[in-house]
Amino acid sequence: MSMRNMNPAITSIYTADPSAHVWEDGRMYIYASHDTDPARGCDLMDRYHVFSSGDMVSWRDEGEILGSADVKWGRPEGGFMWAPDCAYKNGTYYFYYPHPSGSDWNHTWKIGVATSTEPARGFTDQGYIEGLGGFSMIDPAVFVDEDNRAYMYYGGGGTCEAGEMNGDMMSIRGSMQEMEGLEDFHEAAWVFKRNGVYYLTYADNLEGSNRMRYATSDQPLGPWTYRGIFLEPTGCPTTHGSVAEFKGQWYLFYHNQELSGEETLRSICIDELHFNPDGSIRTVVQTREGVKPAGEAPQPHPEMKVYAAADSEASGGAVIIAAEGVSAVAGLEAADACCQFHEVDGGVRGGRAEIRLQYAAAEPLSKLRLTVNGRDYSLVNAPSTGGTAVFTGCTGLTVKLEPGSGNLITWTAGRGDIRICRMTVSPLGD
Ligand code: FUB
C-alpha cells in the first residue's frame, strides 16, 4: 500500500456530493454521486457507489448500488444520477436520489427512492415521491430526528424547500415549504442536529467556486437564522457537503477537483469540523493530509486471493517483465494493450468482490479500463507512485463476480505508463 495524503479520500473513481451517515454497525457510510470518466458536463453521471469505513482512513468501496438502467420511470437516455442521500428507519434503508423522468432533464426532476434492509447492497427502486419535482428540484437530504420523525430537504436554482415525511418515507405529510432565513442559497442542503440545535448547511452562489454556508434553528423546518460561511472555495465550481460525527469527532465531507483538474471529475475529501463554544462552526481547514485514523485499522479480508502479474496474459503491446525483482505487466499505454486474469475465483456464492491492483506509475494520473466478465466498469484511476519501479500504488473497485473460478478480469489501456505487479480479489460474501 502506498503512503499517501488522505485527501482526496477516494481516488479510484471520481465521486462527488458525499452524504455521510453512521449506521447501527458503527461504520461510517458515504453515499456519493459518481462522475463518469470521461465526463460530459454532469450529463453522464451514473451508477452510485457507497463507501464505508471503520476508522475514517481505510475506505471500502461497497460497489454500485443503483444505476439509471435500474430506474424504470427514469430518463430514457439515462445519466443524470445526481446528489443522493440515504436514511434509516424501522429496519429499512431508504436511498433518495434526484433523477429526471424525461429527456427534457431540467424540467422533469423527480426524487427517486430505492430501499434495502442493508446499508450498502440490495437496493431496489420503489419509484419516486409523488407531487414533487420539476425545475431544478435536486439534492434531496433526509434528516431523521431523535423522535423518529423524518424530514426531507431539497432544492436547486436558489430555492430550498422542506417538509415532514409520512411514516412510509415515500411521501410528504402536507406540502413542502420554502425554508426561510437562508442567505444566498444555491443547492446542496444538508441537515444535522447537535446539542438540540438544528443546522442546515448548503452551497452558496459565489461565481466560479461556491462556498458552504449554514443556518441554525430550534425547529427542523425553521425559520432559520443565518450563521455564516464555513467552507471557502475549494477550486471546484460546485460545492456540496455533509457533516457527521464519528467517535466523538465531527467531520465535513465535501468534494474538489484536485485529482483531475476538471470541474466535472470531482473527488470526495474529508476534513475535521470544529465548533466554537457558542455552537457556531469554525471555518473548515481544507488539507491534503486529511483526517487522522479514528480506531483500529481493518484486518485483511480472510478470503483474499492474490494473483501475480506472472499469472496473467498480456497482449496488444503489453508484456510481462521482471522489474527490480518484481514481475509486472508493462506496456499498458499502447492503444490495444491489455492484461487479463483468467480463472479468478468469485467464491462459493459469487457476488460482490473487492478488486485491488498493486501498481507503479510515474505520470501524475494514469488510468485503466476495468472489464469483468464482459461488463465495462469504466476507467479506474492510478495516481503517480513516483516512478515505474515504485510498486506502492493501490487502486481498484468493488465489482460483481460469478460463483466459482471462471471469472475473467481484464485491464485495458486507458492512459499512461502504468505497470501492474499483482491483483487481489476479496469476495465480500454476498
Ligand atoms: O453532482 C451534480 C450536481 O452538482 C449536484 O446535484 C449539485 O449539488 C452539484 O454538486
# chains A, B, ... in the order shown; residues from 1 in each chain; ligands from 1
>>> select_by_dssp(residues="stretch 333-424 of chain A", states="strand (DSSP E)", output="short mmCIF file (atom, residue, chain, number, x, y, z; two decimals) with C-alpha atoms, in the first residue's frame")
data_model
loop_
_atom_site.label_atom_id
_atom_site.label_comp_id
_atom_site.auth_asym_id
_atom_site.auth_seq_id
_atom_site.Cartn_x
_atom_site.Cartn_y
_atom_site.Cartn_z
CA CYS A 338 -4.49 -5.38 -22.19
CA CYS A 339 -3.77 -7.62 -19.24
CA GLN A 340 -6.18 -10.43 -18.47
CA PHE A 341 -6.58 -12.52 -15.34
CA HIS A 342 -8.39 -15.77 -16.17
CA GLU A 343 -9.98 -18.18 -13.71
CA VAL A 344 -10.48 -15.60 -10.98
CA GLY A 351 -21.46 -11.57 -5.69
CA ARG A 352 -19.53 -8.51 -4.64
CA ALA A 353 -15.76 -8.67 -4.52
CA GLU A 354 -13.12 -6.03 -3.92
CA ILE A 355 -10.57 -5.96 -6.73
CA ARG A 356 -7.34 -4.20 -5.78
CA LEU A 357 -4.50 -3.63 -8.18
CA GLN A 358 -0.95 -3.02 -6.97
CA TYR A 359 0.89 -0.83 -9.46
CA ALA A 360 3.68 1.60 -10.28
CA ALA A 361 3.18 4.76 -12.35
CA LEU A 365 -2.56 10.31 -13.22
CA SER A 366 -2.74 7.06 -15.20
CA LYS A 367 -5.99 5.23 -15.92
CA LEU A 368 -7.01 1.71 -16.88
CA ARG A 369 -10.34 0.38 -18.09
CA LEU A 370 -11.69 -2.48 -15.98
CA THR A 371 -13.90 -5.14 -17.55
CA VAL A 372 -15.29 -8.08 -15.58
CA ARG A 375 -19.15 -5.83 -18.19
CA ASP A 376 -17.43 -2.47 -18.56
CA TYR A 377 -16.69 -0.86 -15.19
CA SER A 378 -15.14 2.14 -16.93
CA LEU A 379 -11.92 3.90 -16.04
CA VAL A 380 -10.06 3.35 -12.81
CA ASN A 381 -7.57 6.00 -11.68
CA ALA A 382 -3.97 5.28 -10.75
CA PRO A 383 -2.26 8.36 -9.27
CA GLY A 393 0.12 2.19 -5.71
CA CYS A 394 -3.20 0.57 -4.91
CA THR A 395 -6.37 1.12 -6.86
CA GLY A 396 -9.47 -0.85 -7.78
CA LEU A 397 -13.19 -1.22 -7.48
CA THR A 398 -15.80 -3.47 -5.98
CA VAL A 399 -17.43 -5.48 -8.77
CA LYS A 400 -19.76 -8.44 -9.17
CA LEU A 401 -18.24 -11.89 -9.73
CA ASN A 407 -14.25 -15.16 -13.86
CA LEU A 408 -12.33 -13.11 -16.39
CA ILE A 409 -10.91 -9.74 -15.32
CA THR A 410 -9.41 -7.50 -17.99
CA TRP A 411 -7.41 -4.31 -17.58
CA THR A 412 -7.08 -2.42 -20.85
CA ALA A 413 -5.17 0.65 -21.86
CA GLY A 414 -6.66 3.83 -20.57
CA ARG A 415 -3.96 6.44 -20.28
CA ILE A 418 1.24 2.09 -15.59
CA ARG A 419 2.76 -1.25 -14.51
CA ILE A 420 0.78 -3.89 -12.69
CA CYS A 421 2.51 -6.32 -10.34
CA ARG A 422 -0.41 -8.07 -8.70
CA MET A 423 -4.14 -8.10 -8.20
CA THR A 424 -6.01 -9.14 -5.06
#
>>> residues_around(residues="A:Arg60", least_positions_apart="4", cutoff="8 Å", atoms="only C-alpha atoms", output="PyMOL selection string")
chain A and resi 51-53
>>> write_last_selection(atoms="all heavy atoms", output="compact mmCIF listing (two decimals), in the first residue's frame")
# COMPACT_ATOMS: atom_id res chain seq x y z
N PHE A 51 -19.34 3.95 -0.02
CA PHE A 51 -18.04 3.67 0.60
C PHE A 51 -18.25 3.62 2.11
O PHE A 51 -19.05 4.37 2.66
CB PHE A 51 -17.04 4.78 0.25
CG PHE A 51 -16.84 4.92 -1.24
CD1 PHE A 51 -17.69 5.72 -1.99
CD2 PHE A 51 -15.86 4.19 -1.90
CE1 PHE A 51 -17.55 5.83 -3.37
CE2 PHE A 51 -15.72 4.28 -3.28
CZ PHE A 51 -16.56 5.10 -4.02
N SER A 52 -17.52 2.72 2.77
CA SER A 52 -17.67 2.64 4.22
C SER A 52 -16.31 2.51 4.89
O SER A 52 -15.32 2.08 4.26
CB SER A 52 -18.57 1.45 4.60
OG SER A 52 -17.84 0.25 4.51
N SER A 53 -16.28 2.90 6.17
CA SER A 53 -15.02 2.85 6.91
C SER A 53 -15.29 2.66 8.39
O SER A 53 -16.29 3.17 8.92
CB SER A 53 -14.23 4.15 6.69
OG SER A 53 -13.04 4.13 7.44
>>> closest_residue(among="A:Val348, A:Ala20, A:Met6, A:Met56", to="A:Trp190", atoms="only C-alpha atoms")
A:Ala20
>>> closest_residue(among="A:Ile281, A:Ala328, A:Val291, A:Ala188", to="ligand 1", atoms="only C-alpha atoms and all ligand atoms")
A:Ala188
>>> atom_distance(atom1="atom CA of A:Gly295", atom2="atom CA of A:Tyr93")
25.2 Å
>>> residues_near_ligand(ligand="ligand 1", cutoff="10 Å", atoms="only C-alpha atoms and all ligand atoms", output="VMD selection string")
chain A and resid 15 to 18 32 to 35 41 to 43 45 80 to 84 97 to 99 136 to 140 154 to 156 186 to 189 202 to 203 210 236 to 241 254 to 256 263 to 266
>>> write_last_selection(atoms="C-alpha atoms", output="PDB file, in the first residue's frame")
ATOM      1  CA  THR A  15     -17.036  10.781  -6.664  1.00  0.00           C
ATOM      2  CA  ALA A  16     -18.927  13.907  -5.601  1.00  0.00           C
ATOM      3  CA  ASP A  17     -21.755  15.171  -3.391  1.00  0.00           C
ATOM      4  CA  PRO A  18     -20.974  12.984  -0.341  1.00  0.00           C
ATOM      5  CA  ALA A  32     -21.841   9.659  -3.225  1.00  0.00           C
ATOM      6  CA  SER A  33     -22.676  10.565  -6.762  1.00  0.00           C
ATOM      7  CA  HIS A  34     -20.343   9.215  -9.414  1.00  0.00           C
ATOM      8  CA  ASP A  35     -18.731  11.386 -12.086  1.00  0.00           C
ATOM      9  CA  GLY A  41     -20.768  18.104 -18.055  1.00  0.00           C
ATOM     10  CA  CYS A  42     -22.813  16.342 -15.370  1.00  0.00           C
ATOM     11  CA  ASP A  43     -24.943  14.575 -18.012  1.00  0.00           C
ATOM     12  CA  MET A  45     -23.253  10.789 -14.009  1.00  0.00           C
ATOM     13  CA  PHE A  80     -28.175  12.496 -14.556  1.00  0.00           C
ATOM     14  CA  MET A  81     -27.963  10.487 -11.344  1.00  0.00           C
ATOM     15  CA  TRP A  82     -27.116  13.471  -9.145  1.00  0.00           C
ATOM     16  CA  ALA A  83     -26.502  14.080  -5.450  1.00  0.00           C
ATOM     17  CA  PRO A  84     -28.159  11.346  -3.316  1.00  0.00           C
ATOM     18  CA  TYR A  97     -31.691  10.282  -5.484  1.00  0.00           C
ATOM     19  CA  PRO A  98     -32.587  13.062  -7.931  1.00  0.00           C
ATOM     20  CA  HIS A  99     -33.149  11.886 -11.498  1.00  0.00           C
ATOM     21  CA  SER A 136     -34.048  22.219 -10.558  1.00  0.00           C
ATOM     22  CA  MET A 137     -35.545  20.126  -7.767  1.00  0.00           C
ATOM     23  CA  ILE A 138     -32.369  18.316  -6.905  1.00  0.00           C
ATOM     24  CA  ASP A 139     -30.161  17.295  -3.987  1.00  0.00           C
ATOM     25  CA  PRO A 140     -32.539  15.541  -1.584  1.00  0.00           C
ATOM     26  CA  TYR A 154     -34.137  19.606  -1.401  1.00  0.00           C
ATOM     27  CA  GLY A 155     -33.557  22.378  -3.817  1.00  0.00           C
ATOM     28  CA  GLY A 156     -31.507  23.956  -6.539  1.00  0.00           C
ATOM     29  CA  HIS A 186     -27.859  27.750  -4.206  1.00  0.00           C
ATOM     30  CA  GLU A 187     -28.158  23.970  -3.666  1.00  0.00           C
ATOM     31  CA  ALA A 188     -26.813  21.008  -1.624  1.00  0.00           C
ATOM     32  CA  ALA A 189     -28.972  21.222   1.507  1.00  0.00           C
ATOM     33  CA  TYR A 202     -25.778  24.498   1.829  1.00  0.00           C
ATOM     34  CA  ALA A 203     -23.773  25.729  -1.146  1.00  0.00           C
ATOM     35  CA  ASN A 210     -19.407  28.002  -4.418  1.00  0.00           C
ATOM     36  CA  CYS A 236     -14.210  23.458  -7.993  1.00  0.00           C
ATOM     37  CA  PRO A 237     -17.198  25.467  -9.287  1.00  0.00           C
ATOM     38  CA  THR A 238     -19.690  23.232  -7.431  1.00  0.00           C
ATOM     39  CA  THR A 239     -19.563  22.632  -3.709  1.00  0.00           C
ATOM     40  CA  HIS A 240     -21.597  20.003  -1.937  1.00  0.00           C
ATOM     41  CA  GLY A 241     -21.038  18.600   1.517  1.00  0.00           C
ATOM     42  CA  TYR A 254     -17.073  17.638   0.503  1.00  0.00           C
ATOM     43  CA  HIS A 255     -15.582  17.424  -2.968  1.00  0.00           C
ATOM     44  CA  ASN A 256     -12.930  19.192  -5.012  1.00  0.00           C
ATOM     45  CA  GLU A 263     -14.723  20.533 -12.760  1.00  0.00           C
ATOM     46  CA  THR A 264     -16.957  17.580 -13.550  1.00  0.00           C
ATOM     47  CA  LEU A 265     -14.461  14.920 -12.478  1.00  0.00           C
ATOM     48  CA  ARG A 266     -14.611  15.502  -8.745  1.00  0.00           C
TER      49      ARG A 266
END
>>> closest_residue(among="A:Val326, A:Ile172, A:Leu273, A:Val285", to="A:Ser242", atoms="only C-alpha atoms")
A:Leu273
>>> closest_residue(among="A:Arg75, A:Arg121, A:His49, A:Arg211", to="A:Tyr94", atoms="only C-alpha atoms")
A:Arg121
>>> decode(residues="stretch 354-381 of chain A", atoms="N, CA and C atoms", output="PDB file, in the first residue's frame")
ATOM      1  N   GLU A 354     -14.029  -7.184  -3.780  1.00  0.00           N
ATOM      2  CA  GLU A 354     -13.119  -6.033  -3.919  1.00  0.00           C
ATOM      3  C   GLU A 354     -11.947  -6.445  -4.785  1.00  0.00           C
ATOM      4  N   ILE A 355     -11.730  -5.715  -5.855  1.00  0.00           N
ATOM      5  CA  ILE A 355     -10.573  -5.960  -6.726  1.00  0.00           C
ATOM      6  C   ILE A 355      -9.569  -4.846  -6.461  1.00  0.00           C
ATOM      7  N   ARG A 356      -8.380  -5.211  -6.036  1.00  0.00           N
ATOM      8  CA  ARG A 356      -7.344  -4.196  -5.779  1.00  0.00           C
ATOM      9  C   ARG A 356      -6.141  -4.504  -6.649  1.00  0.00           C
ATOM     10  N   LEU A 357      -5.640  -3.477  -7.283  1.00  0.00           N
ATOM     11  CA  LEU A 357      -4.499  -3.626  -8.179  1.00  0.00           C
ATOM     12  C   LEU A 357      -3.297  -2.937  -7.548  1.00  0.00           C
ATOM     13  N   GLN A 358      -2.178  -3.661  -7.456  1.00  0.00           N
ATOM     14  CA  GLN A 358      -0.946  -3.021  -6.973  1.00  0.00           C
ATOM     15  C   GLN A 358      -0.141  -2.591  -8.184  1.00  0.00           C
ATOM     16  N   TYR A 359       0.306  -1.346  -8.229  1.00  0.00           N
ATOM     17  CA  TYR A 359       0.890  -0.826  -9.459  1.00  0.00           C
ATOM     18  C   TYR A 359       2.009   0.174  -9.194  1.00  0.00           C
ATOM     19  N   ALA A 360       2.713   0.498 -10.291  1.00  0.00           N
ATOM     20  CA  ALA A 360       3.680   1.598 -10.284  1.00  0.00           C
ATOM     21  C   ALA A 360       3.351   2.505 -11.460  1.00  0.00           C
ATOM     22  N   ALA A 361       3.460   3.810 -11.271  1.00  0.00           N
ATOM     23  CA  ALA A 361       3.178   4.757 -12.352  1.00  0.00           C
ATOM     24  C   ALA A 361       3.935   6.049 -12.083  1.00  0.00           C
ATOM     25  N   ALA A 362       4.504   6.615 -13.140  1.00  0.00           N
ATOM     26  CA  ALA A 362       5.298   7.833 -12.968  1.00  0.00           C
ATOM     27  C   ALA A 362       4.498   9.090 -13.269  1.00  0.00           C
ATOM     28  N   GLU A 363       3.536   8.969 -14.167  1.00  0.00           N
ATOM     29  CA  GLU A 363       2.779  10.168 -14.568  1.00  0.00           C
ATOM     30  C   GLU A 363       1.814  10.572 -13.448  1.00  0.00           C
ATOM     31  N   PRO A 364       1.417  11.853 -13.432  1.00  0.00           N
ATOM     32  CA  PRO A 364       0.552  12.297 -12.322  1.00  0.00           C
ATOM     33  C   PRO A 364      -0.707  11.443 -12.192  1.00  0.00           C
ATOM     34  N   LEU A 365      -1.321  11.083 -13.314  1.00  0.00           N
ATOM     35  CA  LEU A 365      -2.559  10.310 -13.217  1.00  0.00           C
ATOM     36  C   LEU A 365      -2.689   9.368 -14.416  1.00  0.00           C
ATOM     37  N   SER A 366      -2.485   8.074 -14.171  1.00  0.00           N
ATOM     38  CA  SER A 366      -2.740   7.064 -15.204  1.00  0.00           C
ATOM     39  C   SER A 366      -4.133   6.490 -14.983  1.00  0.00           C
ATOM     40  N   LYS A 367      -4.659   5.831 -16.034  1.00  0.00           N
ATOM     41  CA  LYS A 367      -5.992   5.228 -15.921  1.00  0.00           C
ATOM     42  C   LYS A 367      -6.010   3.914 -16.678  1.00  0.00           C
ATOM     43  N   LEU A 368      -6.790   2.982 -16.174  1.00  0.00           N
ATOM     44  CA  LEU A 368      -7.006   1.709 -16.882  1.00  0.00           C
ATOM     45  C   LEU A 368      -8.503   1.439 -16.932  1.00  0.00           C
ATOM     46  N   ARG A 369      -8.926   0.762 -17.995  1.00  0.00           N
ATOM     47  CA  ARG A 369     -10.336   0.376 -18.087  1.00  0.00           C
ATOM     48  C   ARG A 369     -10.488  -1.030 -17.509  1.00  0.00           C
ATOM     49  N   LEU A 370     -11.462  -1.180 -16.614  1.00  0.00           N
ATOM     50  CA  LEU A 370     -11.694  -2.483 -15.979  1.00  0.00           C
ATOM     51  C   LEU A 370     -12.937  -3.130 -16.578  1.00  0.00           C
ATOM     52  N   THR A 371     -12.769  -4.365 -17.039  1.00  0.00           N
ATOM     53  CA  THR A 371     -13.903  -5.135 -17.553  1.00  0.00           C
ATOM     54  C   THR A 371     -13.947  -6.461 -16.801  1.00  0.00           C
ATOM     55  N   VAL A 372     -15.140  -6.829 -16.333  1.00  0.00           N
ATOM     56  CA  VAL A 372     -15.293  -8.076 -15.580  1.00  0.00           C
ATOM     57  C   VAL A 372     -16.360  -8.916 -16.268  1.00  0.00           C
ATOM     58  N   ASN A 373     -15.964 -10.067 -16.748  1.00  0.00           N
ATOM     59  CA  ASN A 373     -16.886 -10.962 -17.472  1.00  0.00           C
ATOM     60  C   ASN A 373     -17.650 -10.198 -18.548  1.00  0.00           C
ATOM     61  N   GLY A 374     -16.952  -9.286 -19.230  1.00  0.00           N
ATOM     62  CA  GLY A 374     -17.557  -8.543 -20.339  1.00  0.00           C
ATOM     63  C   GLY A 374     -18.274  -7.273 -19.918  1.00  0.00           C
ATOM     64  N   ARG A 375     -18.484  -7.061 -18.617  1.00  0.00           N
ATOM     65  CA  ARG A 375     -19.150  -5.827 -18.191  1.00  0.00           C
ATOM     66  C   ARG A 375     -18.102  -4.731 -17.982  1.00  0.00           C
ATOM     67  N   ASP A 376     -18.371  -3.590 -18.612  1.00  0.00           N
ATOM     68  CA  ASP A 376     -17.435  -2.473 -18.562  1.00  0.00           C
ATOM     69  C   ASP A 376     -17.647  -1.674 -17.273  1.00  0.00           C
ATOM     70  N   TYR A 377     -16.625  -1.650 -16.417  1.00  0.00           N
ATOM     71  CA  TYR A 377     -16.694  -0.855 -15.194  1.00  0.00           C
ATOM     72  C   TYR A 377     -16.026   0.505 -15.367  1.00  0.00           C
ATOM     73  N   SER A 378     -15.665   0.828 -16.591  1.00  0.00           N
ATOM     74  CA  SER A 378     -15.140   2.144 -16.931  1.00  0.00           C
ATOM     75  C   SER A 378     -13.718   2.344 -16.395  1.00  0.00           C
ATOM     76  N   LEU A 379     -13.318   3.593 -16.332  1.00  0.00           N
ATOM     77  CA  LEU A 379     -11.922   3.900 -16.043  1.00  0.00           C
ATOM     78  C   LEU A 379     -11.644   3.927 -14.546  1.00  0.00           C
ATOM     79  N   VAL A 380     -10.499   3.352 -14.206  1.00  0.00           N
ATOM     80  CA  VAL A 380     -10.056   3.349 -12.813  1.00  0.00           C
ATOM     81  C   VAL A 380      -8.774   4.180 -12.751  1.00  0.00           C
ATOM     82  N   ASN A 381      -8.716   5.089 -11.806  1.00  0.00           N
ATOM     83  CA  ASN A 381      -7.569   5.997 -11.682  1.00  0.00           C
ATOM     84  C   ASN A 381      -6.386   5.339 -10.983  1.00  0.00           C
TER      85      ASN A 381
END
